[in-house]
file model_0.cif (mmCIF, C-alpha atoms and all ligand atoms)
data_upload
#
loop_
_atom_site.label_atom_id
_atom_site.label_comp_id
_atom_site.auth_asym_id
_atom_site.auth_seq_id
_atom_site.Cartn_x
_atom_site.Cartn_y
_atom_site.Cartn_z
CA MET A 30 20.49 3.99 -34.71
CA SER A 31 17.76 6.52 -33.99
CA LYS A 32 17.03 7.46 -30.41
CA PRO A 33 14.21 5.78 -28.48
CA ILE A 34 11.08 7.93 -28.38
CA ILE A 35 9.24 8.77 -25.16
CA ALA A 36 5.70 10.11 -24.72
CA THR A 37 4.18 11.17 -21.40
CA ALA A 38 0.77 12.27 -20.10
CA SER A 39 -0.93 13.25 -16.89
CA LEU A 40 -4.47 11.88 -16.52
CA ALA A 41 -6.23 12.15 -13.14
CA GLY A 42 -3.01 13.23 -11.44
CA CYS A 43 -1.66 16.45 -9.97
CA PHE A 44 1.39 16.79 -12.26
CA GLY A 45 3.55 15.96 -9.24
CA CYS A 46 4.96 12.93 -11.05
CA HIS A 47 5.93 15.12 -13.99
CA MET A 48 7.55 17.53 -11.52
CA SER A 49 9.49 14.55 -10.23
CA ILE A 50 10.66 13.82 -13.78
CA LEU A 51 12.04 17.37 -13.85
CA ASP A 52 13.66 16.68 -10.47
CA ILE A 53 16.37 14.70 -12.29
CA ASP A 54 17.92 18.18 -12.47
CA ASP A 55 20.86 18.55 -14.85
CA ARG A 56 20.55 14.93 -15.92
CA ILE A 57 17.86 16.29 -18.21
CA LEU A 58 20.74 17.25 -20.52
CA GLN A 59 21.82 13.60 -20.63
CA LEU A 60 18.20 12.59 -21.13
CA ILE A 61 17.83 14.60 -24.32
CA GLU A 62 21.02 12.96 -25.59
CA LEU A 63 19.51 9.53 -24.85
CA VAL A 64 15.93 9.91 -26.05
CA GLU A 65 13.58 11.96 -28.17
CA PHE A 66 10.26 13.23 -26.81
CA ASN A 67 7.00 13.00 -28.71
CA LYS A 68 3.52 13.74 -27.27
CA SER A 69 4.18 15.14 -23.80
CA PRO A 70 3.53 18.21 -21.65
CA ILE A 71 7.33 18.50 -21.41
CA ASP A 72 7.68 19.61 -25.06
CA ASP A 73 4.02 20.55 -25.50
CA ILE A 74 3.45 18.22 -28.47
CA LYS A 75 -0.29 17.59 -28.22
CA THR A 76 -0.85 14.66 -30.59
CA PHE A 77 1.21 11.62 -31.50
CA THR A 78 3.17 12.24 -34.68
CA LYS A 79 4.83 8.79 -34.69
CA GLN A 80 5.02 5.42 -32.95
CA CYS A 81 6.85 5.65 -29.61
CA ASP A 82 8.97 3.23 -27.62
CA ILE A 83 8.07 4.22 -24.09
CA GLY A 84 4.87 5.80 -22.78
CA ILE A 85 4.92 7.13 -19.22
CA ILE A 86 1.57 7.90 -17.64
CA GLU A 87 0.79 9.69 -14.43
CA GLY A 88 -2.70 9.65 -12.88
CA GLY A 89 -5.57 7.17 -12.97
CA CYS A 90 -8.69 7.27 -15.13
CA CYS A 91 -11.50 9.37 -13.67
CA ASN A 92 -13.34 10.34 -16.87
CA SER A 93 -13.97 9.28 -20.47
CA GLU A 94 -11.21 11.51 -21.83
CA ASN A 95 -8.62 9.83 -19.57
CA VAL A 96 -9.66 6.43 -20.93
CA GLU A 97 -9.38 7.66 -24.51
CA VAL A 98 -5.90 9.13 -23.97
CA LEU A 99 -4.77 5.95 -22.20
CA LYS A 100 -5.96 3.74 -25.06
CA GLU A 101 -4.27 6.09 -27.52
CA PHE A 102 -1.01 5.66 -25.57
CA ARG A 103 -1.37 1.88 -25.59
CA LYS A 104 -1.77 1.98 -29.35
CA HIS A 105 1.22 4.23 -29.93
CA CYS A 106 3.73 2.94 -27.36
CA LYS A 107 5.59 -0.36 -27.25
CA ILE A 108 6.11 -0.14 -23.49
CA LEU A 109 3.70 1.53 -21.11
CA ILE A 110 4.73 2.59 -17.60
CA SER A 111 2.34 3.45 -14.76
CA LEU A 112 4.01 6.32 -12.95
CA GLY A 113 2.99 7.01 -9.35
CA GLU A 114 0.27 6.01 -6.91
CA CYS A 115 -2.66 7.51 -8.86
CA ALA A 116 -1.75 5.56 -11.99
CA ILE A 117 -1.16 2.38 -9.99
CA MET A 118 -4.10 2.43 -7.58
CA GLY A 119 -6.18 5.54 -8.30
CA GLY A 120 -4.48 7.59 -5.60
CA LEU A 121 -6.16 10.43 -3.77
CA PRO A 122 -8.82 10.97 -6.50
CA ALA A 123 -9.92 7.38 -5.83
CA MET A 124 -10.93 8.35 -2.30
CA ARG A 125 -14.33 9.04 -3.89
CA ASN A 126 -14.58 5.46 -5.07
CA GLY A 127 -16.84 4.04 -2.39
CA ILE A 128 -19.22 6.99 -2.74
CA PRO A 129 -21.85 7.12 -5.55
CA VAL A 130 -21.01 9.75 -8.23
CA LYS A 131 -24.35 11.50 -7.64
CA GLU A 132 -23.51 12.02 -3.98
CA CYS A 133 -20.05 13.39 -4.88
CA LEU A 134 -21.42 15.86 -7.43
CA GLU A 135 -24.16 17.03 -5.07
CA GLU A 136 -21.60 17.64 -2.36
CA ALA A 137 -19.30 19.51 -4.77
CA TYR A 138 -21.91 21.67 -6.54
CA LEU A 139 -25.06 21.81 -4.41
CA ASN A 140 -24.57 21.08 -0.73
CA GLY A 141 -20.89 21.58 0.17
CA PRO A 142 -19.75 24.55 2.28
CA THR A 143 -17.96 26.19 -0.69
CA VAL A 144 -20.78 26.26 -3.25
CA GLY A 145 -21.82 29.82 -2.39
CA LEU A 146 -20.85 31.24 -5.78
CA ASN A 147 -22.96 28.66 -7.58
CA ALA A 148 -26.15 30.61 -6.81
CA GLU A 149 -28.24 28.89 -9.49
CA LYS A 150 -27.10 25.51 -8.23
CA VAL A 151 -26.12 24.14 -11.62
CA MET A 152 -24.12 21.00 -12.10
CA PRO A 153 -21.54 21.24 -14.93
CA ASN A 154 -23.43 19.90 -17.94
CA ASP A 155 -21.71 21.26 -21.03
CA ALA A 156 -21.68 18.65 -23.79
CA GLU A 157 -17.95 19.32 -24.29
CA LEU A 158 -17.10 18.06 -20.82
CA PRO A 159 -15.89 14.47 -20.57
CA MET A 160 -18.17 12.09 -18.69
CA ILE A 161 -17.09 11.31 -15.18
CA LEU A 162 -16.65 7.56 -14.53
CA ASP A 163 -18.41 5.64 -11.76
CA LYS A 164 -15.06 5.46 -9.99
CA VAL A 165 -11.38 6.23 -10.56
CA TYR A 166 -9.63 3.26 -12.18
CA PRO A 167 -5.99 2.24 -11.93
CA LEU A 168 -4.44 2.15 -15.43
CA HIS A 169 -3.77 -1.60 -15.39
CA GLU A 170 -7.48 -2.27 -14.88
CA ILE A 171 -8.12 -0.65 -18.29
CA VAL A 172 -5.13 -1.48 -20.54
CA LYS A 173 -2.07 -3.71 -20.24
CA ILE A 174 0.71 -1.99 -18.32
CA ASP A 175 4.29 -3.23 -18.63
CA TYR A 176 6.04 -1.57 -15.68
CA TYR A 177 5.13 0.26 -12.48
CA LEU A 178 7.05 3.00 -10.71
CA PRO A 179 5.43 3.58 -7.31
CA GLY A 180 5.67 6.68 -5.15
CA CYS A 181 3.79 9.88 -4.48
CA PRO A 182 5.64 11.09 -6.38
CA PRO A 183 8.08 8.40 -7.50
CA ARG A 184 11.57 9.57 -6.57
CA ALA A 185 13.42 11.30 -9.44
CA ASP A 186 16.29 8.82 -9.00
CA LEU A 187 13.87 5.94 -9.49
CA ILE A 188 12.45 7.41 -12.69
CA TRP A 189 15.94 8.13 -13.96
CA ALA A 190 17.24 4.65 -13.14
CA ALA A 191 14.23 2.99 -14.78
CA VAL A 192 14.34 5.03 -17.98
CA VAL A 193 18.10 4.59 -18.35
CA ALA A 194 17.82 0.84 -17.75
CA LEU A 195 15.06 0.54 -20.35
CA VAL A 196 16.93 2.58 -22.94
CA THR A 197 20.36 1.00 -22.41
CA GLY A 198 19.17 -2.52 -21.62
CA ASP A 199 21.27 -2.55 -18.45
CA GLU A 200 20.07 -4.35 -15.35
CA LEU A 201 18.02 -2.25 -12.96
CA ASN A 202 19.30 -2.28 -9.39
CA ILE A 203 17.13 -0.14 -7.17
CA PRO A 204 18.15 0.66 -3.60
CA TYR A 205 15.49 -0.05 -0.92
CA GLU A 206 15.02 3.65 -0.16
CA LEU A 207 13.90 4.51 -3.69
CA VAL A 208 10.72 2.45 -3.86
CA LYS A 209 8.08 3.96 -1.59
CA PHE A 210 4.30 4.18 -1.78
CA ASP A 211 4.27 7.74 -0.41
CA MET B 22 11.40 -26.70 32.86
CA SER B 23 10.05 -27.13 29.38
CA GLU B 24 11.70 -29.62 27.14
CA ILE B 25 14.18 -28.32 24.54
CA VAL B 26 13.58 -29.58 21.01
CA LYS B 27 15.66 -29.37 17.85
CA PHE B 28 14.09 -28.39 14.54
CA THR B 29 15.19 -26.86 11.24
CA ILE B 30 14.18 -23.80 9.24
CA ASP B 31 15.32 -23.95 5.60
CA GLY B 32 17.98 -26.42 6.73
CA LYS B 33 19.28 -24.20 9.54
CA GLU B 34 19.45 -26.10 12.83
CA CYS B 35 17.44 -24.38 15.54
CA GLN B 36 16.43 -25.01 19.13
CA GLY B 37 13.23 -24.11 20.85
CA LYS B 38 10.95 -25.08 23.69
CA LYS B 39 8.56 -27.90 22.93
CA GLY B 40 5.18 -26.39 22.14
CA GLN B 41 6.56 -22.93 21.45
CA LEU B 42 4.98 -21.27 18.42
CA ILE B 43 7.11 -21.49 15.28
CA VAL B 44 7.22 -17.70 14.70
CA ASP B 45 8.53 -17.07 18.21
CA ALA B 46 11.00 -19.95 18.10
CA ALA B 47 12.23 -18.72 14.70
CA ALA B 48 12.77 -15.18 16.02
CA ASP B 49 14.73 -16.60 18.99
CA ASN B 50 16.98 -18.31 16.45
CA GLY B 51 17.43 -15.13 14.41
CA VAL B 52 15.05 -16.13 11.62
CA TYR B 53 12.40 -13.67 10.45
CA ILE B 54 8.97 -14.99 9.59
CA PRO B 55 6.66 -12.07 8.74
CA VAL B 56 3.66 -11.41 11.01
CA LEU B 57 0.79 -8.96 11.01
CA CYS B 58 -1.68 -10.36 13.53
CA HIS B 59 0.75 -12.16 15.81
CA MET B 60 2.20 -10.74 19.02
CA ARG B 61 4.26 -12.76 21.41
CA ASP B 62 2.41 -13.96 24.55
CA LEU B 63 -1.03 -13.19 23.12
CA ILE B 64 -3.49 -15.92 22.30
CA PRO B 65 -2.81 -16.49 18.57
CA ALA B 66 -5.41 -15.18 16.15
CA GLY B 67 -4.06 -16.84 13.00
CA SER B 68 -6.10 -14.39 10.98
CA CYS B 69 -3.72 -12.80 8.49
CA ARG B 70 -1.84 -15.91 7.22
CA ILE B 71 1.20 -13.85 6.24
CA CYS B 72 3.35 -16.27 8.30
CA THR B 73 2.35 -19.18 6.04
CA THR B 74 5.25 -21.65 6.03
CA LYS B 75 5.59 -25.30 5.11
CA VAL B 76 5.73 -27.42 8.23
CA ASN B 77 6.71 -31.02 7.59
CA GLY B 78 5.56 -30.49 4.01
CA ARG B 79 2.18 -28.89 4.73
CA TYR B 80 1.14 -25.24 4.58
CA MET B 81 0.66 -23.99 8.12
CA ALA B 82 0.40 -20.64 9.87
CA ALA B 83 3.65 -20.40 11.83
CA CYS B 84 1.89 -18.30 14.49
CA THR B 85 -0.50 -21.09 15.45
CA THR B 86 1.71 -24.16 14.95
CA PRO B 87 3.99 -25.36 17.76
CA VAL B 88 7.51 -26.72 17.24
CA ASP B 89 8.33 -30.28 18.09
CA GLU B 90 11.43 -32.47 17.95
CA GLY B 91 12.53 -32.79 14.31
CA THR B 92 9.98 -30.34 12.86
CA VAL B 93 11.05 -29.30 9.35
CA VAL B 94 10.06 -25.72 8.50
CA GLU B 95 10.38 -24.16 5.05
CA ASN B 96 10.28 -20.37 5.19
CA ASP B 97 12.31 -18.58 2.54
CA THR B 98 11.32 -20.38 -0.67
CA PRO B 99 10.19 -18.69 -3.92
CA GLU B 100 6.79 -20.36 -3.61
CA LEU B 101 6.17 -19.15 -0.05
CA LEU B 102 7.42 -15.68 -0.88
CA ASP B 103 4.91 -15.49 -3.72
CA ILE B 104 2.10 -16.70 -1.46
CA ARG B 105 2.98 -13.99 1.05
CA LYS B 106 3.18 -11.36 -1.66
CA ALA B 107 -0.29 -12.44 -2.81
CA ILE B 108 -1.59 -12.07 0.76
CA VAL B 109 -0.16 -8.55 1.00
CA GLU B 110 -1.78 -7.72 -2.35
CA MET B 111 -5.13 -9.09 -1.17
CA LEU B 112 -4.98 -6.95 1.97
CA PHE B 113 -4.17 -3.90 -0.14
CA VAL B 114 -7.10 -4.36 -2.53
CA GLU B 115 -9.57 -5.35 0.19
CA GLY B 116 -9.25 -2.17 2.25
CA ASN B 117 -8.68 1.40 1.11
CA HIS B 118 -5.00 1.95 1.66
CA PHE B 119 -4.02 5.41 0.43
CA CYS B 120 -0.42 5.47 1.60
CA PRO B 121 0.32 9.08 0.54
CA SER B 122 -2.35 10.43 2.89
CA CYS B 123 -1.75 8.09 5.82
CA GLU B 124 0.07 9.20 8.94
CA LYS B 125 1.31 5.66 9.54
CA SER B 126 3.13 5.57 6.19
CA GLY B 127 6.73 4.60 6.91
CA ASN B 128 5.74 2.94 10.19
CA CYS B 129 3.15 0.61 8.66
CA ASP B 130 3.84 -3.12 8.72
CA LEU B 131 1.57 -3.86 5.75
CA GLN B 132 3.27 -1.22 3.62
CA ALA B 133 6.68 -2.46 4.75
CA LEU B 134 5.74 -5.96 3.60
CA GLY B 135 4.68 -4.44 0.27
CA TYR B 136 8.22 -3.05 0.02
CA LYS B 137 9.81 -6.29 1.15
CA TYR B 138 8.00 -8.36 -1.46
CA GLN B 139 8.33 -5.58 -4.06
CA MET B 140 4.64 -5.23 -4.68
CA MET B 141 4.39 -2.91 -7.67
CA ALA B 142 0.70 -3.35 -8.47
CA PRO B 143 -1.60 -5.96 -6.93
CA ARG B 144 -2.61 -8.87 -9.18
CA PHE B 145 -6.21 -8.56 -7.87
CA PRO B 146 -8.71 -5.82 -8.74
CA TYR B 147 -9.31 -3.15 -6.10
CA ALA B 148 -12.54 -3.54 -4.14
CA PHE B 149 -12.92 0.13 -3.11
CA GLU B 150 -15.56 -0.65 -0.49
CA ARG B 151 -17.11 2.26 1.32
CA ARG B 152 -16.08 2.25 4.97
CA GLU B 153 -16.50 4.86 7.66
CA LEU B 154 -14.16 6.87 9.84
CA GLU B 155 -15.13 6.84 13.53
CA ALA B 156 -13.92 10.12 14.99
CA SER B 157 -16.29 10.65 17.91
CA THR B 158 -14.09 9.40 20.74
CA PRO B 159 -11.77 11.89 22.46
CA LYS B 160 -8.39 10.24 21.99
CA ILE B 161 -8.60 8.15 18.83
CA PHE B 162 -9.57 8.21 15.16
CA LEU B 163 -10.66 4.77 14.01
CA GLU B 164 -10.04 4.71 10.25
CA LYS B 165 -12.00 1.61 9.25
CA ASN B 166 -10.80 1.89 5.65
CA ARG B 167 -7.42 0.63 6.74
CA CYS B 168 -8.27 -2.16 9.18
CA ILE B 169 -6.89 -5.56 8.18
CA PHE B 170 -8.74 -7.44 10.95
CA CYS B 171 -5.64 -8.61 12.77
CA LYS B 172 -7.51 -8.36 16.09
CA ARG B 173 -4.46 -7.01 17.92
CA CYS B 174 -6.37 -4.05 19.37
CA VAL B 175 -9.25 -6.28 20.46
CA ARG B 176 -6.88 -8.62 22.26
CA VAL B 177 -4.60 -6.01 23.84
CA ILE B 178 -6.43 -2.77 24.62
CA LYS B 179 -8.57 -3.39 27.72
CA ASP B 180 -9.84 -1.18 30.51
CA ASP B 181 -8.96 -1.79 34.18
CA GLN B 182 -11.75 -4.34 34.47
CA GLY B 183 -10.45 -6.31 31.51
CA ARG B 184 -13.12 -5.17 29.05
CA SER B 185 -12.02 -4.79 25.43
CA VAL B 186 -12.22 -1.25 24.10
CA PHE B 187 -12.30 -2.49 20.49
CA ALA B 188 -14.49 -5.22 19.03
CA PHE B 189 -15.43 -6.82 15.75
CA LYS B 190 -18.96 -6.59 14.41
CA GLY B 191 -20.44 -8.68 11.59
CA ARG B 192 -18.89 -11.51 9.63
CA GLY B 193 -17.20 -12.01 6.27
CA LYS B 194 -17.76 -9.13 3.90
CA THR B 195 -19.60 -7.07 6.52
CA LEU B 196 -16.94 -7.48 9.21
CA GLN B 197 -16.03 -4.16 10.85
CA ILE B 198 -13.76 -2.97 13.61
CA ASN B 199 -15.61 -0.93 16.22
CA ILE B 200 -14.76 1.04 19.31
CA ASP B 201 -16.82 1.12 22.50
CA LYS B 202 -17.50 4.82 22.96
CA LYS B 203 -18.07 4.63 26.71
CA LEU B 204 -14.86 2.73 27.37
CA ALA B 205 -12.96 4.88 24.85
CA ALA B 206 -14.02 8.02 26.72
CA ASN B 207 -11.82 6.91 29.65
CA LEU B 208 -8.87 5.74 27.59
CA SER B 209 -5.56 7.11 28.93
CA ASP B 210 -3.04 8.77 26.60
CA GLU B 211 -0.74 5.89 27.29
CA MET B 212 -3.30 3.32 26.14
CA ALA B 213 -4.18 5.41 23.08
CA LYS B 214 -0.51 5.48 22.16
CA LYS B 215 -0.23 1.76 22.69
CA ALA B 216 -3.28 1.14 20.48
CA MET B 217 -1.76 3.21 17.68
CA ASP B 218 1.61 1.47 18.06
CA ILE B 219 0.32 -2.09 17.97
CA CYS B 220 -2.03 -1.54 15.05
CA PRO B 221 0.04 -2.86 12.13
CA VAL B 222 -1.60 -0.36 9.75
CA GLY B 223 -2.96 3.18 10.10
CA ALA B 224 -6.43 2.23 11.34
CA ILE B 225 -5.87 3.58 14.87
CA LEU B 226 -4.51 7.10 15.05
CA ARG B 227 -4.13 9.39 18.05
CA LYS B 228 -5.83 12.73 17.99
CA GLU B 229 -3.95 16.01 18.48
CA VAL B 230 -0.45 14.59 17.99
CA GLY B 231 -0.42 14.04 14.23
CA PHE B 232 2.68 13.60 12.09
CA VAL B 233 5.21 13.98 14.90
CA GLU B 234 7.87 11.88 13.18
CA PRO B 235 9.31 13.49 10.05
CA ILE B 236 9.76 11.45 6.87
CA GLY B 237 13.20 9.89 6.91
CA THR B 238 13.05 8.97 10.60
CA LYS B 239 10.31 6.34 10.43
CA LYS B 240 10.70 2.67 11.20
CA TYR B 241 10.93 1.33 7.65
CA ASP B 242 12.38 4.37 5.85
CA HIS B 243 15.86 2.93 5.54
CA LYS B 244 15.68 -0.74 6.50
CA PRO B 245 13.24 -3.43 5.36
CA ILE B 246 10.87 -4.99 7.85
CA GLY B 247 12.47 -7.97 9.57
CA SER B 248 15.94 -6.42 9.74
CA ASP B 249 15.45 -5.89 13.44
CA LEU B 250 13.85 -8.92 15.04
CA LYS B 251 13.16 -7.13 18.33
CA ASN B 252 11.14 -4.52 16.54
CA ILE B 253 8.31 -6.65 15.20
CA TYR B 254 6.17 -7.07 18.30
CA GLN B 255 7.38 -10.57 18.84
S1 LIG A 301 -7.82 -1.56 13.96
FE1 LIG A 301 -5.66 -2.10 13.60
S2 LIG A 301 -5.13 -3.40 15.39
FE2 LIG A 301 -7.39 -3.32 15.29
S3 LIG A 301 -7.99 -5.12 14.09
FE3 LIG A 301 -7.85 -3.40 12.65
S4 LIG A 301 -5.75 -3.52 11.84
FE4 LIG A 301 -5.81 -4.77 13.70
#
call {"tool": "encode", "arguments": {"input": "model_0.cif", "output": "structure tokens", "more": "lines below"}}
Ligand code: SF4
result
Amino acid sequence: MSKPIIATASLAGCFGCHMSILDIDDRILQLIELVEFNKSPIDDIKTFTKQCDIGIIEGGCCNSENVEVLKEFRKHCKILISLGECAIMGGLPAMRNGIPVKECLEEAYLNGPTVGLNAEKVMPNDAELPMILDKVYPLHEIVKIDYYLPGCPPRADLIWAAVVALVTGDELNIPYELVKFD
Amino acid sequence: MSEIVKFTIDGKECQGKKGQLIVDAAADNGVYIPVLCHMRDLIPAGSCRICTTKVNGRYMAACTTPVDEGTVVENDTPELLDIRKAIVEMLFVEGNHFCPSCEKSGNCDLQALGYKYQMMAPRFPYAFERRELEASTPKIFLEKNRCIFCKRCVRVIKDDQGRSVFAFKGRGKTLQINIDKKLAANLSDEMAKKAMDICPVGAILRKEVGFVEPIGTKKYDHKPIGSDLKNIYQ
């Protein structure tokens, strides 16, 4: 039987969740025995080359590109996992959510104390840039999500236990200390 | 002396004083019913509904319902646990609860209930309302984003003339917790600490003493809420 295939991505996240994946330390050697990686920053494959079994996504959706990547993952992965607080509830980027986008951009590029270098007072407007959304959305408010792994970041042992349980079909028993929202 | 009555919780035979509130009587009998707004000996607020139980077959808030001879209480049933989980989820989506950036994380009763009921993602959409932070008083930050309207601070934190330092303003969707700036200016360190301690979430934080307890030593780091019945402000 061929190995299950995993894809991962970081949307509006800080890559801390991916760091936590690496925190499984030498178990990474067992991981490559268990699974194959497709699109992921871990192996630097940029586009899906086949259908995957498990998609793991860190970060919420703050712009149009995030939404596109998320939908792409939903299409290519049988199981989709929201990894970490940003994916589950928007996280720190969502602290802008009650504030109108215009006000946020003006603070960042025109009025804030650190805009000194932006002497011409331009807002980023290159057509290549993805459009910023009205607010940061949790993943499950955009596509169907199958499982959630909370934490900021989720503990490496939690990620490990969840992936192994999914791949082997064994029951998942998580100790109280492993599931935290911080 | 008040009359002793016999009642049951999930079939367990218990004793309490006639008229005693079910949450308190349960705790005296070693049974945990979750609370957020309730504190023993305060006039009940009945605002959070997390203590919803079935009393003689009807849904009741255990913090406002007294025990009587033969009262039958259902507490730990799958249906009630799901109702409570839904309440926790509603509180999470209604306010702006960013656990990773909150000093109260690990000591927060709402978060601890999220752990207890294994809330992974709320079933309701997030509201993301804009709320303000009131930082102009000398001893306290009032982080309105996190207030769950339990009214503990309003009922407990008073000045020496019995005036409440905190108060609610507005109703329904516009309801806000507020602090009286004049009274807050005279708040002692002791009272500020008490306010932070009784607030079940991270809405009341003391200034100048942030993050004193390291992660790993906080109230709910190792044991779920309800493991220690003396520790839940009963
Ligand atoms: S500030 Fe805290 S104690 Fe006061 S009503 Fe809000 S949640 Fe309750």
call {"tool": "residues_near_ligand", "arguments": {"input": "model_0.cif", "ligand": "ligand LIG 301 (chain A)", "cutoff": "12 Å", "atoms": "only C-alpha atoms and all ligand atoms", "output": "PyMOL selection string"}}
result
chain B and resi 56-60+66+68-69+112+116+118+125+129-131+154-155+161-178+185-190+196-200+213+215-226
call {"tool": "interface_residues", "arguments": {"input": "model_0.cif", "of": "chain A", "to": "chain B", "cutoff": "10 Å", "atoms": "only C-alpha atoms", "output": "VMD selection string"}}
result
chain A and resid 111 114 to 121 123 to 129 164 to 167 169 to 170 174 176 to 182 204 to 211
call {"tool": "atom_distance", "arguments": {"input": "model_0.cif", "atom1": "atom CA of Pro55 of chain B", "atom2": "atom CA of Arg227 of chain B"}}
result
25.8 Å
call {"tool": "closest_residue", "arguments": {"input": "model_0.cif", "among": "A:Glu94, A:Gly45, A:Gln59, A:Ala36", "to": "Thr76 of chain A", "atoms": "all atoms listed in the file"}}
result
A:Ala36
call {"tool": "closest_residue", "arguments": {"input": "model_0.cif", "among": "A:Arg56, A:Lys150, A:Lys107, A:Lys100", "to": "Cys81 of chain A", "atoms": "only C-alpha atoms"}}
result
A:Lys107
call {"tool": "atom_distance", "arguments": {"input": "model_0.cif", "atom1": "atom CA of Glu65 of chain A", "atom2": "atom CA of Val192 of chain A"}}
result
12.3 Å
call {"tool": "decode", "arguments": {"input": "model_0.cif", "residues": "segment 194-208 of chain B", "atoms": "N, CA, C and O atoms", "output": "PDB file, in the first residue's frame"}}
result
ATOM      1  N   LYS B 194     -27.367  44.103  23.030  1.00  0.00           N
ATOM      2  CA  LYS B 194     -26.164  44.136  22.206  1.00  0.00           C
ATOM      3  C   LYS B 194     -25.228  45.290  22.582  1.00  0.00           C
ATOM      4  O   LYS B 194     -24.021  45.234  22.315  1.00  0.00           O
ATOM      5  N   THR B 195     -25.779  46.347  23.198  1.00  0.00           N
ATOM      6  CA  THR B 195     -24.929  47.494  23.517  1.00  0.00           C
ATOM      7  C   THR B 195     -24.406  47.450  24.959  1.00  0.00           C
ATOM      8  O   THR B 195     -23.748  48.381  25.407  1.00  0.00           O
ATOM      9  N   LEU B 196     -24.721  46.371  25.664  1.00  0.00           N
ATOM     10  CA  LEU B 196     -24.284  46.255  27.060  1.00  0.00           C
ATOM     11  C   LEU B 196     -22.752  46.328  27.162  1.00  0.00           C
ATOM     12  O   LEU B 196     -22.037  45.747  26.368  1.00  0.00           O
ATOM     13  N   GLN B 197     -22.298  47.108  28.161  1.00  0.00           N
ATOM     14  CA  GLN B 197     -20.850  47.302  28.350  1.00  0.00           C
ATOM     15  C   GLN B 197     -20.525  47.283  29.828  1.00  0.00           C
ATOM     16  O   GLN B 197     -21.310  47.768  30.631  1.00  0.00           O
ATOM     17  N   ILE B 198     -19.339  46.804  30.155  1.00  0.00           N
ATOM     18  CA  ILE B 198     -18.875  46.962  31.536  1.00  0.00           C
ATOM     19  C   ILE B 198     -18.112  48.279  31.599  1.00  0.00           C
ATOM     20  O   ILE B 198     -17.393  48.641  30.675  1.00  0.00           O
ATOM     21  N   ASN B 199     -18.332  49.022  32.671  1.00  0.00           N
ATOM     22  CA  ASN B 199     -17.654  50.313  32.834  1.00  0.00           C
ATOM     23  C   ASN B 199     -17.054  50.433  34.221  1.00  0.00           C
ATOM     24  O   ASN B 199     -17.464  49.744  35.139  1.00  0.00           O
ATOM     25  N   ILE B 200     -16.110  51.354  34.340  1.00  0.00           N
ATOM     26  CA  ILE B 200     -15.481  51.576  35.641  1.00  0.00           C
ATOM     27  C   ILE B 200     -15.658  53.049  36.005  1.00  0.00           C
ATOM     28  O   ILE B 200     -15.523  53.919  35.151  1.00  0.00           O
ATOM     29  N   ASP B 201     -15.997  53.304  37.248  1.00  0.00           N
ATOM     30  CA  ASP B 201     -16.157  54.679  37.715  1.00  0.00           C
ATOM     31  C   ASP B 201     -14.760  55.250  37.984  1.00  0.00           C
ATOM     32  O   ASP B 201     -14.049  54.796  38.889  1.00  0.00           O
ATOM     33  N   LYS B 202     -14.374  56.236  37.172  1.00  0.00           N
ATOM     34  CA  LYS B 202     -12.979  56.692  37.243  1.00  0.00           C
ATOM     35  C   LYS B 202     -12.634  57.328  38.585  1.00  0.00           C
ATOM     36  O   LYS B 202     -11.531  57.180  39.091  1.00  0.00           O
ATOM     37  N   LYS B 203     -13.620  58.049  39.159  1.00  0.00           N
ATOM     38  CA  LYS B 203     -13.330  58.703  40.456  1.00  0.00           C
ATOM     39  C   LYS B 203     -13.119  57.665  41.548  1.00  0.00           C
ATOM     40  O   LYS B 203     -12.172  57.745  42.322  1.00  0.00           O
ATOM     41  N   LEU B 204     -14.022  56.673  41.591  1.00  0.00           N
ATOM     42  CA  LEU B 204     -13.882  55.639  42.621  1.00  0.00           C
ATOM     43  C   LEU B 204     -12.636  54.790  42.353  1.00  0.00           C
ATOM     44  O   LEU B 204     -11.937  54.383  43.275  1.00  0.00           O
ATOM     45  N   ALA B 205     -12.364  54.546  41.072  1.00  0.00           N
ATOM     46  CA  ALA B 205     -11.206  53.695  40.723  1.00  0.00           C
ATOM     47  C   ALA B 205      -9.889  54.367  41.101  1.00  0.00           C
ATOM     48  O   ALA B 205      -8.897  53.698  41.379  1.00  0.00           O
ATOM     49  N   ALA B 206      -9.892  55.714  41.142  1.00  0.00           N
ATOM     50  CA  ALA B 206      -8.670  56.438  41.484  1.00  0.00           C
ATOM     51  C   ALA B 206      -8.232  56.115  42.911  1.00  0.00           C
ATOM     52  O   ALA B 206      -7.055  56.189  43.245  1.00  0.00           O
ATOM     53  N   ASN B 207      -9.182  55.750  43.772  1.00  0.00           N
ATOM     54  CA  ASN B 207      -8.850  55.456  45.173  1.00  0.00           C
ATOM     55  C   ASN B 207      -8.781  53.958  45.480  1.00  0.00           C
ATOM     56  O   ASN B 207      -8.728  53.564  46.644  1.00  0.00           O
ATOM     57  N   LEU B 208      -8.840  53.156  44.453  1.00  0.00           N
ATOM     58  CA  LEU B 208      -8.847  51.707  44.660  1.00  0.00           C
ATOM     59  C   LEU B 208      -7.507  51.258  45.274  1.00  0.00           C
ATOM     60  O   LEU B 208      -6.443  51.646  44.802  1.00  0.00           O
TER      61      LEU B 208
END
